[in-house]
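Visitor: Sharing work.cif, mmCIF, C-alpha atoms:
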data_data
loop_
_atom_site.group_PDB
_atom_site.id
_atom_site.type_symbol
_atom_site.label_atom_id
_atom_site.label_comp_id
_atom_site.auth_asym_id
_atom_site.auth_seq_id
_atom_site.Cartn_x
_atom_site.Cartn_y
_atom_site.Cartn_z
ATOM 1 C CA MET A 1 26.367 -6.082 7.867
ATOM 2 C CA VAL A 2 24.930 -8.892 9.945
ATOM 3 C CA THR A 3 24.914 -8.984 13.736
ATOM 4 C CA ASP A 4 22.908 -10.257 16.651
ATOM 5 C CA GLU A 5 24.590 -7.910 19.127
ATOM 6 C CA ASP A 6 24.498 -4.193 19.706
ATOM 7 C CA ARG A 7 27.639 -2.119 19.160
ATOM 8 C CA ASP A 8 30.229 -1.924 21.922
ATOM 9 C CA ILE A 9 31.721 1.525 22.376
ATOM 10 C CA ASN A 10 35.184 1.703 23.910
ATOM 11 C CA THR A 11 35.788 5.179 25.298
ATOM 12 C CA SER A 12 38.574 4.219 27.717
ATOM 13 C CA ALA A 13 42.057 5.676 27.301
ATOM 14 C CA GLY A 14 43.198 4.965 23.772
ATOM 15 C CA GLY A 15 39.775 3.589 22.818
ATOM 16 C CA ASN A 16 38.193 4.448 19.519
ATOM 17 C CA SER A 17 34.704 5.911 19.651
ATOM 18 C CA ILE A 18 33.087 6.304 16.256
ATOM 19 C CA SER A 19 29.865 8.271 16.281
ATOM 20 C CA TYR A 20 26.664 7.778 14.328
ATOM 21 C CA ALA A 21 27.350 11.048 12.497
ATOM 22 C CA ASP A 22 30.888 9.904 11.551
ATOM 23 C CA VAL A 23 29.659 6.620 10.087
ATOM 24 C CA LEU A 24 26.752 8.258 8.233
ATOM 25 C CA ALA A 25 29.083 10.904 6.786
ATOM 26 C CA ALA A 26 31.508 8.183 5.634
ATOM 27 C CA LEU A 27 28.688 6.222 3.984
ATOM 28 C CA ASN A 28 27.323 9.328 2.280
ATOM 29 C CA SER A 29 30.779 10.369 1.046
ATOM 30 C CA LYS A 30 31.035 7.035 -0.800
ATOM 31 C CA ASN A 31 27.389 7.081 -1.924
ATOM 32 C CA ALA A 32 27.027 3.798 -0.009
ATOM 33 C CA LEU A 33 23.908 2.236 1.470
ATOM 34 C CA LEU A 34 24.041 0.303 4.707
ATOM 35 C CA ASN A 35 21.853 -2.768 4.859
ATOM 36 C CA SER A 36 21.759 -4.388 8.247
ATOM 37 C CA VAL A 37 20.510 -7.840 9.181
ATOM 38 C CA VAL A 38 20.091 -7.622 12.929
ATOM 39 C CA ASN A 39 18.483 -9.068 16.035
ATOM 40 C CA ALA A 40 15.293 -7.032 15.697
ATOM 41 C CA ASN A 41 11.633 -7.325 14.835
ATOM 42 C CA PHE A 42 9.731 -5.106 12.425
ATOM 43 C CA ALA A 43 6.069 -4.581 11.613
ATOM 44 C CA ASP A 44 3.873 -2.731 9.150
ATOM 45 C CA SER A 45 0.986 -0.375 9.902
ATOM 46 C CA THR A 46 -1.331 -3.343 10.606
ATOM 47 C CA ARG A 47 1.254 -4.735 13.071
ATOM 48 C CA ALA A 48 2.014 -7.682 10.793
ATOM 49 C CA LEU A 49 5.462 -9.055 11.581
ATOM 50 C CA SER A 50 7.827 -8.017 8.778
ATOM 51 C CA LEU A 51 10.969 -9.486 7.259
ATOM 52 C CA GLY A 52 12.503 -6.040 6.983
ATOM 53 C CA ILE A 53 11.909 -2.369 6.372
ATOM 54 C CA ASP A 54 13.403 0.184 4.011
ATOM 55 C CA SER A 55 14.145 3.898 4.099
ATOM 56 C CA ASP A 56 10.942 4.664 2.167
ATOM 57 C CA GLY A 57 8.780 3.314 5.025
ATOM 58 C CA ASN A 58 8.003 0.022 3.302
ATOM 59 C CA ALA A 59 7.656 -3.205 5.252
ATOM 60 C CA PHE A 60 8.220 -6.584 3.615
ATOM 61 C CA VAL A 61 5.825 -9.220 4.963
ATOM 62 C CA ALA A 62 6.175 -12.971 4.345
ATOM 63 C CA ASP A 63 3.146 -14.386 2.531
ATOM 64 C CA GLY A 64 3.496 -17.899 3.978
ATOM 65 C CA LEU A 65 4.311 -19.425 0.586
ATOM 66 C CA GLY A 66 7.928 -18.331 0.172
ATOM 67 C CA GLY A 67 7.074 -14.927 -1.296
ATOM 68 C CA TYR A 68 6.337 -11.580 0.264
ATOM 69 C CA THR A 69 4.147 -8.513 0.038
ATOM 70 C CA THR A 70 5.029 -4.871 0.543
ATOM 71 C CA SER A 71 3.057 -2.575 2.806
ATOM 72 C CA GLY A 72 3.498 0.808 4.424
ATOM 73 C CA GLY A 73 3.897 2.066 7.957
ATOM 74 C CA ALA A 74 7.152 0.224 8.637
ATOM 75 C CA ASN A 75 8.475 0.402 12.169
ATOM 76 C CA THR A 76 10.804 -1.336 14.582
ATOM 77 C CA THR A 77 8.953 -3.210 17.320
ATOM 78 C CA TYR A 78 11.994 -4.729 19.057
ATOM 79 C CA ALA A 79 15.742 -4.335 18.845
ATOM 80 C CA TYR A 80 18.335 -5.781 21.186
ATOM 81 C CA GLY A 81 20.246 -3.192 23.240
ATOM 82 C CA THR A 82 21.378 -0.255 21.111
ATOM 83 C CA THR A 83 20.813 -2.080 17.817
ATOM 84 C CA LYS A 84 18.110 0.341 16.672
ATOM 85 C CA ALA A 85 20.239 3.452 17.177
ATOM 86 C CA ASP A 86 23.509 1.870 16.031
ATOM 87 C CA TYR A 87 22.388 -0.108 12.998
ATOM 88 C CA ILE A 88 18.716 0.212 12.048
ATOM 89 C CA ASP A 89 18.474 4.010 12.160
ATOM 90 C CA LEU A 90 21.846 4.278 10.408
ATOM 91 C CA ALA A 91 20.799 1.887 7.629
ATOM 92 C CA LEU A 92 17.574 3.801 7.022
ATOM 93 C CA ALA A 93 19.334 7.204 7.132
ATOM 94 C CA SER A 94 21.802 6.018 4.479
ATOM 95 C CA GLY A 95 18.939 4.995 2.174
ATOM 96 C CA GLY A 96 19.363 1.288 2.879
ATOM 97 C CA ALA A 97 17.211 -1.242 4.686
ATOM 98 C CA ALA A 98 17.102 -3.197 7.927
ATOM 99 C CA TRP A 99 16.253 -6.889 8.036
ATOM 100 C CA SER A 100 15.240 -9.242 10.820
ATOM 101 C CA LEU A 101 17.808 -11.911 11.565
ATOM 102 C CA ASN A 102 15.064 -13.556 13.642
ATOM 103 C CA GLU A 103 12.858 -14.039 10.564
ATOM 104 C CA LEU A 104 15.768 -15.541 8.634
ATOM 105 C CA ARG A 105 16.544 -17.900 11.532
ATOM 106 C CA ALA A 106 12.928 -19.132 11.504
ATOM 107 C CA GLY A 107 13.793 -21.196 8.416
ATOM 108 C CA GLY A 108 11.300 -22.792 6.057
ATOM 109 C CA ASN A 109 9.104 -20.553 3.939
ATOM 110 C CA LYS A 110 10.004 -17.526 6.077
ATOM 111 C CA ALA A 111 13.664 -17.931 5.151
ATOM 112 C CA VAL A 112 12.685 -18.337 1.493
ATOM 113 C CA SER A 113 10.537 -15.172 1.735
ATOM 114 C CA PHE A 114 13.403 -13.353 3.441
ATOM 115 C CA THR A 115 15.833 -14.353 0.702
ATOM 116 C CA GLN A 116 13.395 -13.352 -2.059
ATOM 117 C CA ALA A 117 12.645 -9.944 -0.518
ATOM 118 C CA PHE A 118 16.296 -9.224 0.319
ATOM 119 C CA THR A 119 17.440 -10.153 -3.200
ATOM 120 C CA ASP A 120 14.700 -8.110 -4.903
ATOM 121 C CA ILE A 121 15.487 -5.021 -2.814
ATOM 122 C CA LYS A 122 19.241 -5.316 -3.398
ATOM 123 C CA VAL A 123 18.716 -5.655 -7.173
ATOM 124 C CA GLU A 124 16.475 -2.566 -7.122
ATOM 125 C CA GLU A 125 19.163 -0.617 -5.226
ATOM 126 C CA ILE A 126 21.756 -1.598 -7.832
ATOM 127 C CA ILE A 127 19.486 -0.579 -10.710
ATOM 128 C CA ARG A 128 18.694 2.854 -9.273
ATOM 129 C CA GLN A 129 22.134 3.731 -7.916
ATOM 130 C CA ASP A 130 23.805 6.936 -9.068
ATOM 131 C CA PRO A 131 26.684 6.056 -11.372
ATOM 132 C CA GLY A 132 28.716 8.988 -10.012
ATOM 133 C CA VAL A 133 31.762 10.254 -11.852
ATOM 134 C CA PRO A 134 33.026 7.963 -14.619
ATOM 135 C CA GLU A 135 36.438 6.392 -14.116
ATOM 136 C CA PRO A 136 39.273 7.652 -16.376
ATOM 137 C CA THR A 137 39.393 4.259 -18.126
ATOM 138 C CA THR A 138 35.706 4.532 -19.014
ATOM 139 C CA VAL A 139 36.193 8.041 -20.401
ATOM 140 C CA GLY A 140 39.221 6.852 -22.392
ATOM 141 C CA LEU A 141 37.312 3.935 -23.914
ATOM 142 C CA LEU A 142 34.421 6.206 -24.860
ATOM 143 C CA ALA A 143 36.821 8.675 -26.503
ATOM 144 C CA PHE A 144 38.560 5.842 -28.389
ATOM 145 C CA GLY A 145 35.202 4.548 -29.644
ATOM 146 C CA PHE A 146 34.125 8.030 -30.710
ATOM 147 C CA PHE A 147 37.304 8.671 -32.692
ATOM 148 C CA ALA A 148 37.194 5.189 -34.230
ATOM 149 C CA LEU A 149 33.648 5.883 -35.407
ATOM 150 C CA ILE A 150 34.700 9.210 -36.921
ATOM 151 C CA GLY A 151 37.682 7.541 -38.644
ATOM 152 C CA THR A 152 35.511 4.769 -40.090
ATOM 153 C CA THR A 153 32.959 7.289 -41.368
ATOM 154 C CA TYR A 154 35.707 9.426 -42.924
ATOM 155 C CA ARG A 155 37.248 6.424 -44.750
ATOM 156 C CA ARG A 156 33.863 5.349 -46.151
ATOM 157 C CA LYS A 157 33.251 8.851 -47.531
ATOM 158 C CA ARG A 158 36.676 8.871 -49.271
ATOM 159 C CA ARG A 159 35.841 5.701 -51.256
#
Represent the structure from my file as structure tokens, please.

Guide:
Amino acid sequence: MVTDEDRDINTSAGGNSISYADVLAALNSKNALLNSVVNANFADSTRALSLGIDSDGNAFVADGLGGYTTSGGANTTYAYGTTKADYIDLALASGGAAWSLNELRAGGNKAVSFTQAFTDIKVEEIIRQDPGVPEPTTVGLLAFGFFALIGTTYRRKRR
């Protein structure tokens, strides 16, 4: 999710108001992580401006050469309107991360650092994700492979 605006809530007659709790419950029910790229600024414990922060309290700081370093004490130093409550806090509560659209917009090595950090974190999330319940097709293929192996072994023993 990428935005440079806070969330508008329409509570007028017929309007749809979705709460923080509703969205977090929906994300958790699907084992989904929210990663938001928003109009916000982040820092680490030394107050170094950060590209983004994750749910483990890590801050990702551009190194000036197109790479980044990781440090602790991540926090939000600025967020437009209700962006922190609507997107940043929600992303972190879901186990995801929040990223500074402002750092990406800076271009140059900061944009390269942003892209490197964002990609590395997304790959790590994919690697450590819970596979959940296998799909019926997966179970069927595993069963087919198991029985094929048994059949092949049985035929070799008969020879």

Visitor: Write out as JSON, numbers by chain each polymer residue whose atoms come within 9 Å of A:Ala117, counting all atoms listed in the file; drop sequence neighbours fewer than 2 positions from it.

Guide: {"A": [51, 52, 60, 61, 62, 67, 68, 69, 112, 113, 114, 115, 119, 120, 121, 122]}

Visitor: Which residue, A:Gln116, A:Ser100, A:Ser19, A:Gln129, has the smallest gap to A:Asn35 when you use all atoms listed in the file?

Guide: A:Ser100

Visitor: In the coordinates of the file, take the point (11.7, 3.1, 9.6) and a cut-off of 8 Å; then, counting only C-alpha atoms, name each qualifying protein, DNA or RNA residue as a PDB file with C-alpha atoms, keeping the file's coordinate frame.

Guide:
ATOM      1  CA  ILE A  53      11.909  -2.369   6.372  1.00  0.00           C
ATOM      2  CA  ASP A  54      13.403   0.184   4.011  1.00  0.00           C
ATOM      3  CA  SER A  55      14.145   3.898   4.099  1.00  0.00           C
ATOM      4  CA  ASP A  56      10.942   4.664   2.167  1.00  0.00           C
ATOM      5  CA  GLY A  57       8.780   3.314   5.025  1.00  0.00           C
ATOM      6  CA  ASN A  58       8.003   0.022   3.302  1.00  0.00           C
ATOM      7  CA  ALA A  74       7.152   0.224   8.637  1.00  0.00           C
ATOM      8  CA  ASN A  75       8.475   0.402  12.169  1.00  0.00           C
ATOM      9  CA  THR A  76      10.804  -1.336  14.582  1.00  0.00           C
ATOM     10  CA  ILE A  88      18.716   0.212  12.048  1.00  0.00           C
ATOM     11  CA  ASP A  89      18.474   4.010  12.160  1.00  0.00           C
ATOM     12  CA  LEU A  92      17.574   3.801   7.022  1.00  0.00           C
TER      13      LEU A  92
END

Visitor: Quote the spacing between atom CA of A:Ile126 and atom CA of A:Trp99 in Å to one decimal place.

Guide: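 According to the coordinates, atom CA of A:Ile126 and atom CA of A:Trp99 are separated by 17.6 Å.
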
Visitor: Using all atoms listed in the file for the distances, tell me which of A:Leu33, A:Ala26, A:Ser17, A:Gly64 is nearest to A:Asn109.

Guide: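 When distances to A:Asn109 are compared using all atoms listed in the file, the smallest one comes from A:Gly64.
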